[in-house]
Protein chains: 2
Amino acid sequence: VTDVPIASPDNPLVKQVVRLHEVRHRRAEARFIAEGRRTIEAFLANGWKAEHLIVRSGEEPPSAWPREQLRMVSERVAAKMSQASTASGYLGVFSIPPVPALQPASGGLVLAGITDPGNLGTLIRSAAAFGVAHLALLGGADPFSHKVVQASAGALASVPISPLPEESGPELLAGGAPLCALVVSGGLDPARLPRQRRWLVVGSEAHGLRPDWLAGCPERVTLPMQGPVDSLNAAIAGSIACYLLGTPNRASGAVGESGR
Amino acid sequence: VTDVPIASPDNPLVKQVVRLHEVRHRRAEARFIAEGRRTIEAFLANGWKAEHLIVRSGEEPPSAWPREQLRMVSERVAAKMSQASTASGYLGVFSIPPVPALQPASGGLVLAGITDPGNLGTLIRSAAAFGVAHLALLGGADPFSHKVVQASAGALASVPISPLPEESGPELLAGGAPLCALVVSGGLDPARLPRQRRWLVVGSEAHGLRPDWLAGCPERVTLPMQGPVDSLNAAIAGSIACYLLGTPNRASGAVGESGR
């Protein structure tokens, strides 16, 4: 860290980082960017390999960060590399790991066509908080895009995520935990389902679930609603359903037990 | 609607609308803007008074919209008036009603310092969906700002909202439904609380609740978490708590009943 900060926008590292702003380069290079100290530390703490830890000149990199990956950069270069509205001064380039194999028996969350990156990141954050075993993504936003990584607040680091080809059908999960679709009407109250491993399948607010996925879900749940608004934000509805269906001995499942 | 569309950026109506992009003008004039057909219709359906319904030339205004308020505008003027990343071509100017009086006995949701407009709008949408009786806002984003109105998806139209001075304390709600703080740790599982009217008090993710409000809440709830992420997005946490605490005979309260 005694090096002179990189100040040239033509430096190869600067060009590499800026290239990663685009999904096609992230996919081709299997690399992505995490911004902000807390987010970077979530990846490091979960064993993700940083290729570069880039710190704006004047900031103090945490002493626990591996020195070999550290590069100081000028304020102008830091701003050029950042996709945040206000650059934090901390940016990590990480490798995207191979797609983890789906274990149909594990259960988890299938997100189908969640194109809003804020909603996708928020759902990933909720899934991690509620101990979801695995996330399968069918189309939708790139989970390694800036807005998703930031909205997940680093939770992307701690839950296995398998982006699947958009045309994948529910047979991928056949023979495992049951599939349960979250639908806007006509489903059971999730609080009434027995607690067990299952795949909760959540579609987009605008388009709902594709017919093949809907047909592949023997269970359907709907959040009971009281007010005059007949739909919720997709990230809210998916998070509440995750919370309620979660795992045994929690949330509404606990209500049946005798007092505290 | 046979009028020639307004095409001049110097037209007084254009200037008035653009002025309402700023919070100080919204407050001074007690007017705000709703964009998009569905959002505008949510306000109209809930009895809000449109001062102007502005439609881009080429779009077909719904026949149910009051003709007297309709004004057609050129594409350029529509773009100038819009704060959306993609202008929908439909924009309504509505009056902000007088702040509804708080009824301490009604219970509801207190949102303290929610500065992110997307989170505030999403919480308003959830509150409306779950039948929250009243929303009290302490500081935070302006509920009549573009991003809040849009994230609320029109739900702002259907739930009484009282913006309060930021320095207001919990004594405002004294003698009414009990106050219950949502805290990140140490509170009860909301599913274990008896179903009754209460004021759920939610602070910001970054700063939590102010000491005076925390001290004024005899009840505290915490969402039980399983995963490695120890906090949720404020809109998610607040929405789940609203859902669980909701009202009698719903959500987890229903688990205690015999089957369906």
# chains A, B, ... in the order shown; residues from 1 in each chain; ligands from 1
call {"tool": "select_by_dssp", "arguments": {"residues": "segment 4-210 of chain A", "states": "alpha helix (DSSP H)", "output": "PyMOL selection string"}}
result
chain A and resi 12-19+23-29+37-45+75-81+117-129+146-151
call {"tool": "residues_around", "arguments": {"residues": "Arg38 of chain B", "least_positions_apart": "6", "cutoff": "10 Å", "atoms": "only C-alpha atoms", "output": "number ranges by chain"}}
result
B: 44, 90, 153-154
call {"tool": "select_by_dssp", "arguments": {"residues": "segment 26-165 of chain A", "states": "strand (DSSP E)", "output": "MDAnalysis selection string"}}
result
chainID A and resid 31:35 50:56 70:73 90:95 108:112 135:138 161:164
call {"tool": "write_last_selection", "arguments": {"atoms": "C-alpha atoms", "output": "JSON list (two decimals), in the first residue's frame"}}
result
[["chain", "number", "residue", "atom", "x", "y", "z"],
["A", 31, "ARG", "CA", -15.96, -11.43, -12.35],
["A", 32, "PHE", "CA", -18.04, -8.78, -10.66],
["A", 33, "ILE", "CA", -17.69, -5.71, -8.50],
["A", 34, "ALA", "CA", -18.77, -5.16, -4.90],
["A", 35, "GLU", "CA", -18.73, -1.61, -3.58],
["A", 50, "ALA", "CA", -11.02, -11.00, -4.07],
["A", 51, "GLU", "CA", -8.93, -10.43, -7.16],
["A", 52, "HIS", "CA", -8.50, -6.75, -6.38],
["A", 53, "LEU", "CA", -9.39, -4.60, -3.39],
["A", 54, "ILE", "CA", -9.36, -1.05, -4.62],
["A", 55, "VAL", "CA", -9.24, 1.82, -2.15],
["A", 56, "ARG", "CA", -9.43, 5.53, -2.84],
["A", 70, "LEU", "CA", -4.86, -3.99, -2.37],
["A", 71, "ARG", "CA", -4.50, -1.19, -4.91],
["A", 72, "MET", "CA", -4.80, 2.49, -4.09],
["A", 73, "VAL", "CA", -6.36, 4.75, -6.72],
["A", 90, "TYR", "CA", -13.93, 0.95, -1.55],
["A", 91, "LEU", "CA", -14.39, -1.48, -4.41],
["A", 92, "GLY", "CA", -13.67, -5.19, -4.66],
["A", 93, "VAL", "CA", -13.35, -7.28, -7.80],
["A", 94, "PHE", "CA", -14.40, -10.85, -7.07],
["A", 95, "SER", "CA", -14.56, -14.05, -9.13],
["A", 108, "GLY", "CA", -35.20, -23.02, -1.31],
["A", 109, "LEU", "CA", -36.48, -20.10, -3.31],
["A", 110, "VAL", "CA", -37.06, -19.89, -7.07],
["A", 111, "LEU", "CA", -37.22, -16.33, -8.37],
["A", 112, "ALA", "CA", -38.68, -16.18, -11.85],
["A", 135, "LEU", "CA", -31.72, -19.61, -4.57],
["A", 136, "ALA", "CA", -32.55, -20.51, -8.17],
["A", 137, "LEU", "CA", -32.92, -17.60, -10.57],
["A", 138, "LEU", "CA", -34.86, -17.93, -13.80],
["A", 161, "ILE", "CA", -27.32, -18.87, -6.00],
["A", 162, "SER", "CA", -27.88, -20.73, -9.24],
["A", 163, "PRO", "CA", -28.79, -18.62, -12.24],
["A", 164, "LEU", "CA", -30.61, -20.97, -14.61]]
call {"tool": "atom_distance", "arguments": {"atom1": "atom CA of Tyr243 of chain B", "atom2": "atom CA of Trp199 of chain B"}}
result
13.0 Å
call {"tool": "residues_around", "arguments": {"residues": "segment 217-221 of chain A", "least_positions_apart": "3", "cutoff": "12 Å", "atoms": "only C-alpha atoms", "output": "VMD selection string"}}
result
chain A and resid 110 169 to 171 173 to 174 177 to 194 198 to 202 209 to 214 224 237 to 238 240 to 242 244 to 245
call {"tool": "atom_distance", "arguments": {"atom1": "atom CA of Pro117 of chain B", "atom2": "atom CA of Val159 of chain A"}}
result
27.7 Å
call {"tool": "closest_residue", "arguments": {"among": "A:Glu41, A:Ala206, A:Arg27, A:His146", "to": "Ser85 of chain A", "atoms": "only C-alpha atoms"}}
result
A:His146
call {"tool": "closest_residue", "arguments": {"among": "A:Ala215, A:Gly208, A:Val132, A:Ser106", "to": "chain B", "atoms": "only C-alpha atoms"}}
result
A:Val132
call {"tool": "atom_distance", "arguments": {"atom1": "atom CA of Arg24 of chain B", "atom2": "atom CA of Met81 of chain B"}}
result
17.0 Å
call {"tool": "closest_residue", "arguments": {"among": "A:Leu232, A:Ala64, A:Leu172, A:Ala30", "to": "Phe130 of chain B", "atoms": "only C-alpha atoms"}}
result
A:Leu232
call {"tool": "closest_residue", "arguments": {"among": "A:Val148, A:Ala105, A:Ala155, A:Ile124", "to": "Gln196 of chain A", "atoms": "only C-alpha atoms"}}
result
A:Ala105
call {"tool": "closest_residue", "arguments": {"among": "B:Ser57, B:Trp48, B:Ser158, B:Gly176", "to": "chain A", "atoms": "only C-alpha atoms"}}
result
B:Ser158
call {"tool": "decode", "arguments": {"residues": "segment 140-153 of chain A", "atoms": "all heavy atoms", "output": "CSV table (one decimal), in the first residue's frame"}}
result
chain,number,residue,atom,x,y,z
A,140,GLY,N,-34.6,-12.7,-15.3
A,140,GLY,CA,-34.5,-11.5,-14.4
A,140,GLY,C,-33.2,-10.8,-14.5
A,140,GLY,O,-32.4,-11.0,-15.4
A,141,ALA,N,-33.0,-10.0,-13.5
A,141,ALA,CA,-31.8,-9.1,-13.4
A,141,ALA,C,-30.5,-10.0,-13.2
A,141,ALA,O,-30.7,-11.1,-12.6
A,141,ALA,CB,-31.9,-8.1,-12.3
A,142,ASP,N,-29.4,-9.6,-13.6
A,142,ASP,CA,-28.1,-10.2,-13.3
A,142,ASP,C,-27.8,-10.1,-11.9
A,142,ASP,O,-27.7,-9.0,-11.4
A,142,ASP,CB,-27.0,-9.6,-14.2
A,142,ASP,CG,-25.6,-10.1,-13.8
A,142,ASP,OD1,-25.6,-11.2,-13.2
A,142,ASP,OD2,-24.6,-9.5,-14.1
A,143,PRO,N,-27.7,-11.2,-11.1
A,143,PRO,CA,-27.5,-11.1,-9.7
A,143,PRO,C,-26.1,-10.4,-9.3
A,143,PRO,O,-25.9,-9.9,-8.2
A,143,PRO,CB,-27.5,-12.5,-9.2
A,143,PRO,CG,-27.2,-13.4,-10.3
A,143,PRO,CD,-27.8,-12.6,-11.5
A,144,PHE,N,-25.2,-10.4,-10.3
A,144,PHE,CA,-23.9,-9.8,-10.0
A,144,PHE,C,-23.8,-8.3,-10.6
A,144,PHE,O,-22.7,-7.8,-10.7
A,144,PHE,CB,-22.8,-10.6,-10.6
A,144,PHE,CG,-22.7,-12.0,-9.9
A,144,PHE,CD1,-23.2,-13.1,-10.5
A,144,PHE,CD2,-22.2,-12.1,-8.6
A,144,PHE,CE1,-23.2,-14.4,-9.8
A,144,PHE,CE2,-22.2,-13.3,-7.9
A,144,PHE,CZ,-22.7,-14.4,-8.5
A,145,SER,N,-25.0,-7.7,-10.9
A,145,SER,CA,-25.0,-6.3,-11.3
A,145,SER,C,-24.9,-5.4,-10.1
A,145,SER,O,-25.2,-5.9,-9.0
A,145,SER,CB,-26.3,-6.0,-12.1
A,145,SER,OG,-27.4,-6.2,-11.2
A,146,HIS,N,-24.4,-4.2,-10.3
A,146,HIS,CA,-24.2,-3.3,-9.2
A,146,HIS,C,-25.4,-3.2,-8.3
A,146,HIS,O,-25.3,-3.3,-7.1
A,146,HIS,CB,-23.8,-1.9,-9.8
A,146,HIS,CG,-23.8,-0.8,-8.7
A,146,HIS,ND1,-22.8,-0.8,-7.8
A,146,HIS,CD2,-24.6,0.2,-8.5
A,146,HIS,CE1,-23.0,0.2,-7.0
A,146,HIS,NE2,-24.1,0.9,-7.4
A,147,LYS,N,-26.6,-2.9,-8.9
A,147,LYS,CA,-27.7,-2.6,-8.0
A,147,LYS,C,-28.2,-3.8,-7.2
A,147,LYS,O,-28.6,-3.7,-6.1
A,147,LYS,CB,-28.9,-2.1,-8.9
A,147,LYS,CG,-28.7,-0.7,-9.3
A,147,LYS,CD,-30.0,-0.1,-9.9
A,147,LYS,CE,-29.8,1.3,-10.4
A,147,LYS,NZ,-30.9,1.7,-11.3
A,148,VAL,N,-28.0,-5.0,-7.8
A,148,VAL,CA,-28.4,-6.2,-7.0
A,148,VAL,C,-27.4,-6.5,-5.9
A,148,VAL,O,-27.9,-6.7,-4.7
A,148,VAL,CB,-28.5,-7.4,-8.0
A,148,VAL,CG1,-28.8,-8.7,-7.1
A,148,VAL,CG2,-29.6,-7.2,-9.0
A,149,VAL,N,-26.2,-6.4,-6.2
A,149,VAL,CA,-25.2,-6.6,-5.1
A,149,VAL,C,-25.4,-5.6,-4.0
A,149,VAL,O,-25.4,-6.0,-2.8
A,149,VAL,CB,-23.7,-6.5,-5.7
A,149,VAL,CG1,-22.7,-6.5,-4.6
A,149,VAL,CG2,-23.5,-7.5,-6.8
A,150,GLN,N,-25.6,-4.4,-4.3
A,150,GLN,CA,-25.8,-3.4,-3.3
A,150,GLN,C,-27.1,-3.6,-2.5
A,150,GLN,O,-27.1,-3.5,-1.3
A,150,GLN,CB,-25.7,-1.9,-3.9
A,150,GLN,CG,-24.4,-1.6,-4.6
A,150,GLN,CD,-23.1,-2.1,-3.9
A,150,GLN,OE1,-22.3,-2.8,-4.4
A,150,GLN,NE2,-22.9,-1.6,-2.6
A,151,ALA,N,-28.2,-3.8,-3.2
A,151,ALA,CA,-29.5,-4.0,-2.5
A,151,ALA,C,-29.4,-5.3,-1.6
A,151,ALA,O,-30.1,-5.4,-0.6
A,151,ALA,CB,-30.6,-4.1,-3.5
A,152,SER,N,-28.6,-6.2,-2.0
A,152,SER,CA,-28.5,-7.4,-1.2
A,152,SER,C,-27.7,-7.2,0.1
A,152,SER,O,-27.6,-8.0,1.0
A,152,SER,CB,-27.9,-8.6,-2.0
A,152,SER,OG,-26.5,-8.6,-1.9
A,153,ALA,N,-27.0,-6.0,0.1
A,153,ALA,CA,-26.2,-5.6,1.3
A,153,ALA,C,-25.2,-6.7,1.6
A,153,ALA,O,-24.9,-7.0,2.8
A,153,ALA,CB,-27.1,-5.3,2.5
